[in-house]
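Heads up, query06.txt below (compact mmCIF, C-alpha atoms):
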# COMPACT_ATOMS: atom_id res chain seq x y z
CA MET A 1 142.67 172.24 -77.32
CA GLU A 2 142.92 175.87 -78.35
CA TYR A 3 141.95 178.73 -76.10
CA LYS A 4 139.26 181.07 -77.44
CA ASP A 5 139.33 184.71 -76.51
CA TYR A 6 135.63 185.50 -76.77
CA TYR A 7 136.16 189.19 -76.12
CA GLU A 8 138.59 189.40 -79.00
CA THR A 9 136.10 187.55 -81.24
CA LEU A 10 133.44 190.16 -80.52
CA GLY A 11 135.97 193.01 -80.60
CA VAL A 12 135.08 194.31 -77.15
CA PRO A 13 137.25 194.92 -74.05
CA ARG A 14 136.90 192.67 -71.03
CA THR A 15 135.27 195.57 -69.25
CA ALA A 16 132.44 195.80 -71.81
CA THR A 17 128.91 196.10 -70.46
CA GLN A 18 126.23 193.54 -71.38
CA GLU A 19 124.77 196.20 -73.68
CA ASP A 20 128.15 196.64 -75.44
CA ILE A 21 128.38 192.90 -75.93
CA LYS A 22 124.89 192.67 -77.36
CA ARG A 23 125.54 195.57 -79.71
CA ALA A 24 128.87 194.13 -80.89
CA TYR A 25 127.29 190.74 -81.46
CA ARG A 26 124.36 192.09 -83.45
CA LYS A 27 126.62 194.11 -85.67
CA LEU A 28 128.92 191.16 -86.39
CA ALA A 29 125.99 188.76 -86.76
CA ARG A 30 124.43 190.95 -89.45
CA LYS A 31 127.80 191.19 -91.18
CA TYR A 32 128.52 187.47 -91.20
CA HIS A 33 125.13 185.78 -91.14
CA PRO A 34 125.30 183.15 -93.91
CA ASP A 35 121.83 184.04 -95.19
CA VAL A 36 122.71 187.68 -95.56
CA SER A 37 126.47 187.98 -95.88
CA LYS A 38 128.63 188.07 -98.96
CA GLU A 39 131.84 188.01 -96.92
CA PRO A 40 134.22 185.13 -97.59
CA LYS A 41 134.21 182.52 -94.82
CA ALA A 42 131.05 184.13 -93.43
CA GLU A 43 129.72 180.89 -92.06
CA ALA A 44 132.83 179.99 -90.04
CA ARG A 45 133.13 183.53 -88.75
CA PHE A 46 129.45 183.59 -87.84
CA LYS A 47 129.83 180.41 -85.81
CA GLU A 48 132.72 181.89 -83.84
CA VAL A 49 130.81 185.06 -83.15
CA GLY A 50 127.72 183.10 -82.09
CA GLU A 51 129.71 180.92 -79.75
CA ALA A 52 131.38 183.91 -78.12
CA TYR A 53 128.03 185.59 -77.64
CA LYS A 54 126.44 182.49 -76.16
CA VAL A 55 128.99 182.58 -73.37
CA LEU A 56 129.25 186.32 -72.83
CA LYS A 57 125.59 187.29 -73.07
CA GLU A 58 124.65 185.58 -69.81
CA THR A 59 126.18 187.01 -66.70
CA ASP A 60 126.78 183.61 -65.07
CA THR A 61 128.60 181.96 -67.98
CA ARG A 62 130.49 185.17 -68.58
CA ALA A 63 131.55 185.31 -64.94
CA ALA A 64 132.73 181.69 -65.06
CA TYR A 65 134.68 182.38 -68.25
CA ASP A 66 136.18 185.53 -66.71
CA GLN A 67 137.16 183.64 -63.60
CA MET A 68 139.61 181.55 -65.61
CA GLY A 69 141.56 184.70 -66.13
CA ASN A 70 143.09 186.08 -69.27
CA LYS A 71 146.55 184.58 -69.28
CA TRP A 72 145.99 182.80 -72.63
CA LYS A 73 145.90 184.15 -76.14
CA SER A 74 143.48 182.97 -78.82
CA GLY A 75 144.73 179.77 -80.43
CA GLN A 76 147.09 178.95 -77.56
CA GLU A 77 147.15 175.43 -76.11
CA PHE A 78 144.72 175.29 -73.22
CA GLN A 79 143.42 172.94 -70.54
CA PRO A 80 140.65 174.12 -68.24
CA PRO A 81 141.98 174.63 -64.71
CA PRO A 82 140.45 172.22 -62.19
CA ASP A 83 137.27 173.54 -60.62
CA TRP A 84 137.29 176.52 -62.98
CA ASP A 85 133.51 176.65 -62.75
CA SER A 86 133.08 176.01 -59.06
CA GLY A 87 130.31 178.11 -57.67
CA PHE A 88 128.50 178.34 -60.99
CA GLU A 89 125.41 176.48 -62.06
CA PHE A 90 124.49 176.42 -65.73
CA SER A 91 121.75 173.84 -65.53
CA GLY A 92 118.59 174.51 -67.43
CA ARG A 93 120.49 176.38 -70.08
CA ASP A 94 119.80 174.97 -73.50
CA PHE A 95 123.04 175.23 -75.43
CA GLY A 96 122.58 172.17 -77.54
CA SER A 97 119.31 172.13 -79.34
CA ASP A 98 118.58 175.56 -80.71
CA GLY A 99 120.15 174.82 -84.02
CA GLY A 100 123.33 176.79 -83.50
CA GLY A 101 125.23 173.79 -84.79
CA GLU A 102 128.69 172.75 -83.86
CA PHE A 103 130.74 174.41 -81.20
CA SER A 104 134.48 174.46 -80.74
CA GLU A 105 136.19 171.87 -78.60
CA PHE A 106 136.97 174.69 -76.19
CA PHE A 107 133.29 175.56 -75.79
CA GLU A 108 132.27 171.92 -75.46
CA SER A 109 134.78 171.19 -72.75
CA LEU A 110 133.68 174.18 -70.69
CA PHE A 111 129.98 174.55 -71.36
CA GLY A 112 128.99 171.38 -73.22
CA ARG A 113 127.77 169.81 -70.01
CA ALA A 114 124.92 172.29 -69.84
CA GLY A 115 123.68 171.09 -73.23
CA ARG A 116 124.06 167.45 -72.26
CA ALA A 117 121.92 167.88 -69.18
CA ASN A 118 119.13 168.93 -71.48
CA THR A 119 119.02 165.97 -73.79
CA HIS A 120 117.15 163.92 -71.22
CA ARG A 121 114.22 166.26 -71.11
CA GLN A 122 112.45 164.64 -74.03
CA SER A 123 109.46 162.45 -73.33
CA VAL A 124 110.00 158.71 -73.47
CA HIS A 125 108.58 158.01 -76.91
CA ALA A 126 109.57 161.27 -78.52
CA GLN A 127 109.20 161.58 -82.26
CA GLY A 128 112.45 162.05 -84.15
CA GLN A 129 113.46 165.47 -85.41
CA ASP A 130 112.95 166.48 -89.00
CA HIS A 131 116.23 167.03 -90.81
CA HIS A 132 117.11 169.32 -93.67
CA ALA A 133 119.84 169.12 -96.25
CA LYS A 134 120.63 170.91 -99.47
CA VAL A 135 121.56 168.71 -102.40
CA LEU A 136 123.01 169.66 -105.77
CA ILE A 137 121.68 167.87 -108.84
CA GLU A 138 122.28 168.22 -112.56
CA LEU A 139 119.85 170.24 -114.64
CA ALA A 140 119.39 167.17 -116.86
CA ASP A 141 118.05 165.27 -113.83
CA ALA A 142 115.20 167.76 -113.57
CA TYR A 143 114.44 167.28 -117.28
CA HIS A 144 114.36 163.52 -117.24
CA GLY A 145 114.13 162.41 -113.63
CA ALA A 146 117.02 160.36 -112.28
CA GLN A 147 118.25 158.02 -109.64
CA ARG A 148 121.11 159.57 -107.78
CA SER A 149 123.27 158.95 -104.80
CA VAL A 150 123.33 162.20 -102.84
CA SER A 151 125.62 163.15 -99.96
CA PHE A 152 125.03 165.79 -97.33
CA ARG A 153 125.83 166.53 -93.73
CA VAL A 154 123.31 165.99 -90.98
CA PRO A 155 123.50 167.28 -87.42
CA TYR A 156 123.04 164.95 -84.54
CA LEU A 157 123.76 164.74 -80.83
CA ASP A 158 126.24 162.06 -79.83
CA LYS A 159 125.78 159.89 -76.73
CA GLU A 160 127.17 162.60 -74.55
CA GLY A 161 125.01 165.27 -76.08
CA HIS A 162 127.61 167.04 -78.22
CA ALA A 163 126.08 168.63 -81.30
CA ILE A 164 128.12 167.33 -84.21
CA SER A 165 127.48 166.51 -87.82
CA LYS A 166 128.26 163.54 -90.01
CA ASP A 167 128.19 162.68 -93.69
CA ARG A 168 125.25 160.76 -94.96
CA THR A 169 124.70 159.27 -98.40
CA LEU A 170 121.31 158.24 -99.69
CA ASN A 171 120.07 156.79 -102.95
CA VAL A 172 117.22 159.02 -104.02
CA THR A 173 114.85 159.14 -106.97
CA ILE A 174 114.85 162.66 -108.37
CA PRO A 175 111.41 163.32 -109.82
CA LYS A 176 111.16 164.80 -113.30
CA GLY A 177 110.27 168.47 -113.25
CA ILE A 178 111.76 169.37 -109.89
CA ARG A 179 113.00 172.95 -109.67
CA GLU A 180 115.61 174.82 -107.75
CA GLY A 181 114.46 175.72 -104.24
CA GLN A 182 111.86 172.97 -104.07
CA HIS A 183 111.85 170.41 -101.28
CA LEU A 184 111.74 166.67 -101.54
CA ARG A 185 110.30 165.10 -98.39
CA LEU A 186 111.55 161.62 -97.52
CA SER A 187 109.30 160.17 -94.93
CA GLY A 188 110.98 158.62 -91.89
CA GLN A 189 114.53 159.51 -93.00
CA GLY A 190 115.12 162.22 -90.40
CA GLY A 191 116.37 161.83 -86.85
CA SER A 192 115.48 158.60 -85.12
CA GLY A 193 112.74 158.67 -82.51
CA LEU A 194 113.23 157.62 -78.92
CA ARG A 195 112.00 154.08 -78.19
CA GLU A 196 108.70 153.77 -80.06
CA GLY A 197 108.58 157.34 -81.32
CA ARG A 198 108.47 157.41 -85.08
CA PRO A 199 111.53 158.83 -86.89
CA GLY A 200 111.41 162.34 -88.28
CA ASP A 201 111.32 163.23 -91.96
CA LEU A 202 114.16 164.38 -94.15
CA TYR A 203 113.66 167.44 -96.33
CA LEU A 204 116.04 167.79 -99.24
CA GLU A 205 116.23 171.27 -100.72
CA ILE A 206 117.14 171.05 -104.38
CA ALA A 207 119.74 173.22 -106.10
CA PHE A 208 121.41 172.78 -109.49
CA HIS A 209 125.09 172.42 -110.21
CA PRO A 210 126.09 175.43 -112.30
CA HIS A 211 125.90 174.42 -115.96
CA PRO A 212 128.49 175.67 -118.48
CA VAL A 213 125.82 176.52 -121.05
CA PHE A 214 122.40 176.76 -119.41
CA ARG A 215 121.19 179.17 -116.75
CA VAL A 216 118.00 178.54 -114.81
CA ASP A 217 115.39 180.96 -113.49
CA GLY A 218 112.50 179.11 -111.87
CA ARG A 219 111.11 176.85 -114.56
CA ASP A 220 112.67 178.81 -117.42
CA VAL A 221 116.10 178.08 -118.86
CA TYR A 222 118.40 180.44 -120.78
CA PHE A 223 121.47 180.07 -122.95
CA ASP A 224 123.59 182.38 -125.08
CA LEU A 225 123.45 181.81 -128.82
CA PRO A 226 126.27 183.47 -130.76
CA LEU A 227 125.49 184.23 -134.41
CA ALA A 228 127.62 185.28 -137.35
CA PRO A 229 126.65 188.76 -138.63
CA TRP A 230 125.20 187.28 -141.85
CA GLU A 231 123.10 184.77 -139.89
CA ALA A 232 121.61 187.57 -137.80
CA ALA A 233 121.10 189.81 -140.84
CA LEU A 234 119.76 187.31 -143.34
CA GLY A 235 118.16 184.76 -141.07
CA ALA A 236 119.33 181.18 -140.75
CA THR A 237 118.52 177.81 -139.32
CA VAL A 238 121.06 176.73 -136.73
CA SER A 239 121.46 173.72 -134.52
CA VAL A 240 121.18 174.69 -130.85
CA PRO A 241 121.64 172.67 -127.68
CA THR A 242 118.79 172.02 -125.29
CA PRO A 243 118.98 169.91 -122.15
CA ASP A 244 116.92 167.41 -124.16
CA GLY A 245 119.42 167.29 -127.02
CA PRO A 246 120.03 169.49 -130.07
CA VAL A 247 117.18 171.04 -132.06
CA GLN A 248 117.02 173.19 -135.19
CA LEU A 249 116.13 176.80 -134.49
CA SER A 250 115.25 179.33 -137.17
CA ILE A 251 116.66 182.78 -136.69
CA PRO A 252 114.51 185.51 -138.22
CA ALA A 253 116.22 187.92 -140.60
CA GLY A 254 117.25 191.19 -138.96
CA SER A 255 117.78 189.72 -135.48
CA SER A 256 119.68 192.02 -133.16
CA ALA A 257 121.98 191.18 -130.26
CA GLY A 258 120.18 190.75 -126.95
CA ARG A 259 116.98 189.52 -128.58
CA ARG A 260 115.53 186.42 -126.94
CA LEU A 261 114.03 183.60 -128.95
CA ARG A 262 111.63 181.44 -127.02
CA LEU A 263 111.40 177.69 -127.41
CA LYS A 264 108.01 177.23 -125.85
CA GLY A 265 107.69 174.39 -123.37
CA LYS A 266 111.37 173.42 -123.64
CA GLY A 267 112.21 174.62 -120.12
CA ILE A 268 111.89 172.42 -117.08
CA PRO A 269 109.00 169.97 -117.58
CA GLY A 270 105.80 170.35 -115.57
CA SER A 271 102.30 171.68 -115.93
CA PRO A 272 102.83 174.18 -117.23
CA PRO A 273 106.36 173.45 -118.43
CA GLY A 274 108.93 176.24 -118.49
CA ASP A 275 110.33 177.84 -121.62
CA LEU A 276 113.82 177.74 -123.04
CA TYR A 277 115.27 181.05 -124.24
CA ALA A 278 118.13 181.58 -126.67
CA VAL A 279 119.70 184.96 -125.95
CA LEU A 280 121.18 186.16 -129.24
CA GLY A 281 124.66 187.57 -129.54
CA ILE A 282 126.55 188.59 -132.63
CA ALA A 283 130.13 187.38 -132.92
CA LEU A 284 132.59 189.44 -134.92
CA PRO A 285 134.63 187.44 -137.43
CA PRO A 286 138.35 188.28 -137.04
CA ALA A 287 139.94 190.37 -139.79
CA GLU A 288 143.28 188.64 -139.82
CA THR A 289 143.71 187.77 -143.46
CA ASP A 290 143.67 189.99 -146.56
CA ALA A 291 140.56 188.24 -147.78
CA ALA A 292 138.77 188.98 -144.51
CA LYS A 293 139.87 192.60 -144.59
CA ASP A 294 138.60 192.89 -148.17
CA ALA A 295 135.25 191.49 -147.12
CA TYR A 296 134.91 194.14 -144.39
CA LEU A 297 135.92 196.91 -146.81
CA THR A 298 133.37 195.69 -149.31
CA MET A 299 130.72 195.83 -146.61
CA GLN A 300 131.78 199.33 -145.66
CA ARG A 301 131.52 200.52 -149.26
CA SER A 302 128.21 198.90 -150.04
CA LEU A 303 126.29 199.37 -146.78
CA ASN A 304 126.78 203.02 -145.95
CA PHE A 305 126.10 202.05 -142.34
CA ASN A 306 126.47 204.37 -139.36
CA PRO A 307 126.01 202.42 -136.11
CA ARG A 308 125.81 205.72 -134.16
CA ALA A 309 123.13 207.29 -136.32
CA GLN A 310 120.64 207.27 -133.45
CA TRP A 311 122.81 209.71 -131.47
CA LYS A 312 122.02 212.46 -133.96
CA GLU A 313 118.38 212.51 -132.88
CA LYS A 314 119.13 212.24 -129.19
CA LEU A 315 121.98 214.69 -128.64
CA MET B 316 123.33 146.85 -114.45
CA SER B 317 123.83 144.71 -111.40
CA ASP B 318 121.83 147.09 -109.34
CA LEU B 319 119.79 144.71 -107.25
CA THR B 320 121.14 145.92 -103.94
CA ALA B 321 120.55 149.63 -104.47
CA ASN B 322 117.21 150.85 -103.24
CA TYR B 323 116.21 154.29 -104.35
CA LEU B 324 114.02 156.25 -101.99
CA SER B 325 111.16 158.17 -103.46
CA GLY B 326 109.98 161.36 -101.85
CA GLU B 327 107.21 163.82 -102.40
CA VAL B 328 107.86 167.26 -103.85
CA VAL B 329 106.52 169.47 -101.09
CA GLU B 330 105.74 172.35 -103.46
CA ASN B 331 103.61 170.21 -105.77
CA GLU B 332 102.04 167.51 -103.71
CA ILE B 333 101.81 168.49 -100.08
CA HIS B 334 100.38 171.17 -97.88
CA LEU B 335 101.77 171.32 -94.37
CA SER B 336 99.59 171.96 -91.36
CA LEU B 337 100.71 174.34 -88.63
CA VAL B 338 101.90 171.40 -86.53
CA GLU B 339 103.80 169.84 -89.45
CA LEU B 340 105.43 173.14 -90.39
CA CYS B 341 106.52 173.74 -86.79
CA LYS B 342 108.01 170.27 -86.62
CA ALA B 343 109.67 170.60 -90.02
CA CYS B 344 111.54 173.73 -89.03
CA SER B 345 111.76 173.20 -85.25
CA ALA B 346 109.87 176.41 -84.55
CA ALA B 347 107.30 177.10 -81.86
CA GLU B 348 103.64 177.46 -82.82
CA ASP B 349 103.30 180.95 -81.39
CA GLN B 350 106.36 182.03 -83.35
CA VAL B 351 104.96 180.73 -86.63
CA THR B 352 101.59 182.28 -85.81
CA ALA B 353 103.28 185.64 -85.23
CA TRP B 354 104.96 185.37 -88.64
CA VAL B 355 101.63 184.64 -90.30
CA PHE B 356 100.07 187.73 -88.74
CA GLU B 357 103.08 189.74 -89.87
CA GLY B 358 102.70 188.47 -93.44
CA VAL B 359 105.96 186.51 -93.44
CA LEU B 360 104.02 183.36 -94.25
CA GLU B 361 100.77 183.23 -96.18
CA PRO B 362 98.93 179.97 -95.55
CA ALA B 363 95.63 179.07 -97.15
CA GLY B 364 92.71 178.47 -94.79
CA ASN B 365 90.82 180.51 -92.23
CA GLY B 366 92.35 179.89 -88.82
CA PRO B 367 95.42 178.26 -87.28
CA ARG B 368 93.74 174.83 -87.12
CA ASP B 369 92.86 175.09 -90.78
CA TRP B 370 96.08 176.64 -92.14
CA ARG B 371 97.85 174.91 -95.01
CA PHE B 372 101.41 175.94 -95.82
CA THR B 373 103.30 175.42 -99.09
CA GLY B 374 106.93 174.48 -99.64
CA HIS B 375 107.66 178.15 -100.26
CA SER B 376 106.45 178.81 -96.71
CA LEU B 377 108.73 176.06 -95.45
CA ARG B 378 111.77 177.77 -96.94
CA ARG B 379 110.68 181.17 -95.64
CA ALA B 380 109.92 179.80 -92.18
CA ARG B 381 113.37 178.24 -91.87
CA LEU B 382 115.00 181.47 -92.99
CA ALA B 383 112.78 183.46 -90.62
CA LEU B 384 113.79 181.20 -87.77
CA ARG B 385 117.50 181.61 -88.45
CA ILE B 386 117.24 185.36 -88.82
CA SER B 387 115.09 185.95 -85.76
CA ARG B 388 117.26 183.65 -83.63
CA ASP B 389 120.70 184.72 -84.84
CA LEU B 390 120.11 188.40 -85.40
CA GLU B 391 117.57 188.87 -82.61
CA VAL B 392 115.11 190.47 -84.99
CA ASN B 393 111.39 190.82 -84.15
CA PRO B 394 108.63 189.62 -86.52
CA PRO B 395 108.23 192.94 -88.43
CA GLY B 396 112.00 193.00 -88.93
CA VAL B 397 111.94 189.40 -90.10
CA ALA B 398 109.20 190.24 -92.59
CA LEU B 399 111.22 193.11 -94.01
CA ALA B 400 114.47 191.11 -94.15
CA LEU B 401 112.82 188.20 -95.92
CA ASP B 402 111.16 190.37 -98.53
CA LEU B 403 114.45 192.14 -99.24
CA LEU B 404 116.40 188.89 -99.39
CA GLU B 405 113.87 187.44 -101.79
CA GLN B 406 114.11 190.53 -103.98
CA ILE B 407 117.90 190.30 -104.01
CA ALA B 408 117.75 186.62 -104.96
CA MET B 409 115.28 187.38 -107.75
CA LEU B 410 117.39 190.25 -109.11
CA LYS B 411 120.56 188.18 -108.99
CA SER B 412 118.90 185.39 -110.86
CA ARG B 413 117.57 187.80 -113.51
CA LEU B 414 120.98 189.38 -113.81
CA GLU B 415 122.58 186.01 -114.37
CA CYS B 416 120.04 185.08 -117.01
CA LEU B 417 120.08 188.31 -118.97
CA GLY B 418 123.44 189.97 -118.56
CA SER B 419 125.60 187.06 -119.55
CA ALA B 420 129.32 187.31 -119.07
As structure tokens - that is how I would like this structure written.
Amino acid sequence: MEYKDYYETLGVPRTATQEDIKRAYRKLARKYHPDVSKEPKAEARFKEVGEAYKVLKETDTRAAYDQMGNKWKSGQEFQPPPDWDSGFEFSGRDFGSDGGGEFSEFFESLFGRAGRANTHRQSVHAQGQDHHAKVLIELADAYHGAQRSVSFRVPYLDKEGHAISKDRTLNVTIPKGIREGQHLRLSGQGGSGLREGRPGDLYLEIAFHPHPVFRVDGRDVYFDLPLAPWEAALGATVSVPTPDGPVQLSIPAGSSAGRRLRLKGKGIPGSPPGDLYAVLGIALPPAETDAAKDAYLTMQRSLNFNPRAQWKEKL
Amino acid sequence: MSDLTANYLSGEVVENEIHLSLVELCKACSAAEDQVTAWVFEGVLEPAGNGPRDWRFTGHSLRRARLALRISRDLEVNPPGVALALDLLEQIAMLKSRLECLGSA
């Protein structure tokens, strides 16, 4: 097992006051909190910081940790000295069930016992806990509904009360029209109840796999539609993809780049259904051959076009 | 398809089909009733109904309540701070989504 230097994790000296520790924790927690942070590896870092704070914020656990001395470095092989915690009593502390998740082996071996003592508090027929998991589905599943096998990790307490997580796979019917951020509640699929207590529910929060063509905003769906200059200028009918299969879309003459064409009701189904938007772009044909160059020169001669004409009025 | 053994579970879409009571919401996000009540009075959650016994929460509230719980627990933020953080986070998420949809790469 690896030693954890909790002071190093929080970036404070061993002599830090409780106030210093709290301040250091809050600063790091805001920096690495997975709901707020854009830092890489935020979640792992946040767990380390949280674990360090759990031990150092209380004077008794901090004192017990300090008593082991500081002859190890972070990551060094470590076995707790016998009776390292003699004279300390952590009972009544609830390390296990406040959702902090998994702790390091180091933490478990030293302080895990305090969490274990607590798992017996529940009443005899306690109802199981509700579980939550985020699952990724394909956009097409929301359009048509689907039957999918989904995998996710669920937390649970093992027999000795360690908070750990395990993989779980379930076959689930994805209802047509479900949107990102919505929850699917599966009755009785959460944590098991004690004795005759009924099991908890499982809430699946839906998110979409990123799609190479379509982008989703609520019930509306967007895609980029590149056009040749003559299609945008003269109008055209082009075949465009939709999650329901290709459709013919007419492009009005004089369409400019950035314009959005709406395919009403072709977004995610529902009442009301979302819309599908084609975001127009104009692709420039390469001028690599003499014929292509001639075509551009002909345009130049016959159009008398100044793309920067609007500057004259504004500057 | 020799699919006789596979059973597919059907769930309910919380946002469309269900309203959660205060007790159900508390159980669903492992939060205490007084905590959830404090968030309602702070405007973090906006249930329908007149009083705590009568409150009905949507799936949107479920997501916000879970986020509120994590933020208040992990960052030691009080209910007004939670309310502010959630509103800002929701704005950021909305702007990011708009940005992705409009300003394509």
Atom CA of B:Arg379 to atom CA of A:Pro199, distance in Å rounded to a single decimal: 24.0 Å
With only C-alpha atoms counted and 7 Å as the cut-off, give the residues of chain A in contact with chain B, each with its shortest interatomic distance in Å and the pair that gives it, as JSON lines.
{"residue": "A:Arg26", "atom": "CA", "partner": "B:Leu390", "partner_atom": "CA", "distance": 6.0}
{"residue": "A:Ala29", "atom": "CA", "partner": "B:Leu390", "partner_atom": "CA", "distance": 6.0}
{"residue": "A:Arg30", "atom": "CA", "partner": "B:Leu390", "partner_atom": "CA", "distance": 6.4}
{"residue": "A:Asp130", "atom": "CA", "partner": "B:Ala343", "partner_atom": "CA", "distance": 5.4}
{"residue": "A:Gln147", "atom": "CA", "partner": "B:Tyr323", "partner_atom": "CA", "distance": 6.8}
{"residue": "A:Asn171", "atom": "CA", "partner": "B:Tyr323", "partner_atom": "CA", "distance": 4.8}
{"residue": "A:Val172", "atom": "CA", "partner": "B:Leu324", "partner_atom": "CA", "distance": 4.7}
{"residue": "A:Thr173", "atom": "CA", "partner": "B:Ser325", "partner_atom": "CA", "distance": 5.2}
{"residue": "A:Gln182", "atom": "CA", "partner": "B:Glu330", "partner_atom": "CA", "distance": 6.2}
{"residue": "A:His183", "atom": "CA", "partner": "B:Val329", "partner_atom": "CA", "distance": 5.4}
{"residue": "A:Leu184", "atom": "CA", "partner": "B:Val328", "partner_atom": "CA", "distance": 4.6}
{"residue": "A:Arg185", "atom": "CA", "partner": "B:Gly326", "partner_atom": "CA", "distance": 5.1}
{"residue": "A:Leu186", "atom": "CA", "partner": "B:Gly326", "partner_atom": "CA", "distance": 4.6}
{"residue": "A:Arg215", "atom": "CA", "partner": "B:Cys416", "partner_atom": "CA", "distance": 6.0}
{"residue": "A:Asp217", "atom": "CA", "partner": "B:Ser412", "partner_atom": "CA", "distance": 6.2}
{"residue": "A:Tyr222", "atom": "CA", "partner": "B:Cys416", "partner_atom": "CA", "distance": 6.2}
Output file for the residues above (C-alpha atoms, as a CSV table (one decimal), in the coordinates of the input):
chain,number,residue,atom,x,y,z
A,26,ARG,CA,124.4,192.1,-83.4
A,29,ALA,CA,126.0,188.8,-86.8
A,30,ARG,CA,124.4,191.0,-89.4
A,130,ASP,CA,113.0,166.5,-89.0
A,147,GLN,CA,118.2,158.0,-109.6
A,171,ASN,CA,120.1,156.8,-103.0
A,172,VAL,CA,117.2,159.0,-104.0
A,173,THR,CA,114.8,159.1,-107.0
A,182,GLN,CA,111.9,173.0,-104.1
A,183,HIS,CA,111.8,170.4,-101.3
A,184,LEU,CA,111.7,166.7,-101.5
A,185,ARG,CA,110.3,165.1,-98.4
A,186,LEU,CA,111.6,161.6,-97.5
A,215,ARG,CA,121.2,179.2,-116.8
A,217,ASP,CA,115.4,181.0,-113.5
A,222,TYR,CA,118.4,180.4,-120.8
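Atom CA of A:Val154 lies 15.4 Å from atom CA of A:Gly193.
Separating atom CA of A:Val221 from atom CA of A:Asp35 is a distance of 25.1 Å.
For B:Ser336, the set of protein, DNA and RNA residues having any atom at most 12 Å away, when counting all atoms listed in the file and skipping those fewer than 6 positions along the same chain, is Lys342, Ala343, Glu348, Val351, Thr352, Pro362, Ala363, Gly364, Gly366, Pro367, Arg368, Asp369, Trp370, Arg371, Phe372, Thr373, Gly374, Ser376 and Leu377 of chain B.
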Neighbouring residues of A:Leu280 were defined as those with any atom within 12 Å, considering only C-alpha atoms; residues of the same chain fewer than 2 positions away were excluded. Please report them as a PDB file with C-alpha atoms, in the frame of the given file.
ATOM      1  CA  TYR A 222     118.400 180.440-120.780  1.00  0.00           C
ATOM      2  CA  PHE A 223     121.470 180.070-122.950  1.00  0.00           C
ATOM      3  CA  ASP A 224     123.590 182.380-125.080  1.00  0.00           C
ATOM      4  CA  LEU A 225     123.450 181.810-128.820  1.00  0.00           C
ATOM      5  CA  PRO A 226     126.270 183.470-130.760  1.00  0.00           C
ATOM      6  CA  LEU A 227     125.490 184.230-134.410  1.00  0.00           C
ATOM      7  CA  ALA A 228     127.620 185.280-137.350  1.00  0.00           C
ATOM      8  CA  PRO A 229     126.650 188.760-138.630  1.00  0.00           C
ATOM      9  CA  GLU A 231     123.100 184.770-139.890  1.00  0.00           C
ATOM     10  CA  ALA A 232     121.610 187.570-137.800  1.00  0.00           C
ATOM     11  CA  VAL A 240     121.180 174.690-130.850  1.00  0.00           C
ATOM     12  CA  LEU A 249     116.130 176.800-134.490  1.00  0.00           C
ATOM     13  CA  ILE A 251     116.660 182.780-136.690  1.00  0.00           C
ATOM     14  CA  PRO A 252     114.510 185.510-138.220  1.00  0.00           C
ATOM     15  CA  GLY A 254     117.250 191.190-138.960  1.00  0.00           C
ATOM     16  CA  SER A 255     117.780 189.720-135.480  1.00  0.00           C
ATOM     17  CA  SER A 256     119.680 192.020-133.160  1.00  0.00           C
ATOM     18  CA  ALA A 257     121.980 191.180-130.260  1.00  0.00           C
ATOM     19  CA  GLY A 258     120.180 190.750-126.950  1.00  0.00           C
ATOM     20  CA  ARG A 259     116.980 189.520-128.580  1.00  0.00           C
ATOM     21  CA  ARG A 260     115.530 186.420-126.940  1.00  0.00           C
ATOM     22  CA  LEU A 261     114.030 183.600-128.950  1.00  0.00           C
ATOM     23  CA  ARG A 262     111.630 181.440-127.020  1.00  0.00           C
ATOM     24  CA  TYR A 277     115.270 181.050-124.240  1.00  0.00           C
ATOM     25  CA  ALA A 278     118.130 181.580-126.670  1.00  0.00           C
ATOM     26  CA  ILE A 282     126.550 188.590-132.630  1.00  0.00           C
ATOM     27  CA  ALA A 283     130.130 187.380-132.920  1.00  0.00           C
TER      28      ALA A 283
ATOM     29  CA  LEU B 417     120.080 188.310-118.970  1.00  0.00           C
ATOM     30  CA  GLY B 418     123.440 189.970-118.560  1.00  0.00           C
ATOM     31  CA  SER B 419     125.600 187.060-119.550  1.00  0.00           C
TER      32      SER B 419
END
Nearby residues (all atoms listed in the file) at most 8 Å from stretch 66-78 of chain A, same-chain spacing under 3 positions excluded, as a ChimeraX atom specification: /A:1-5,62-63,81,84-85
Nearby residues (all atoms listed in the file) at most 8 Å from A:Lys134, same-chain spacing under 2 positions excluded, as a PyMOL selection string: chain A and resi 132+136+152+204-207
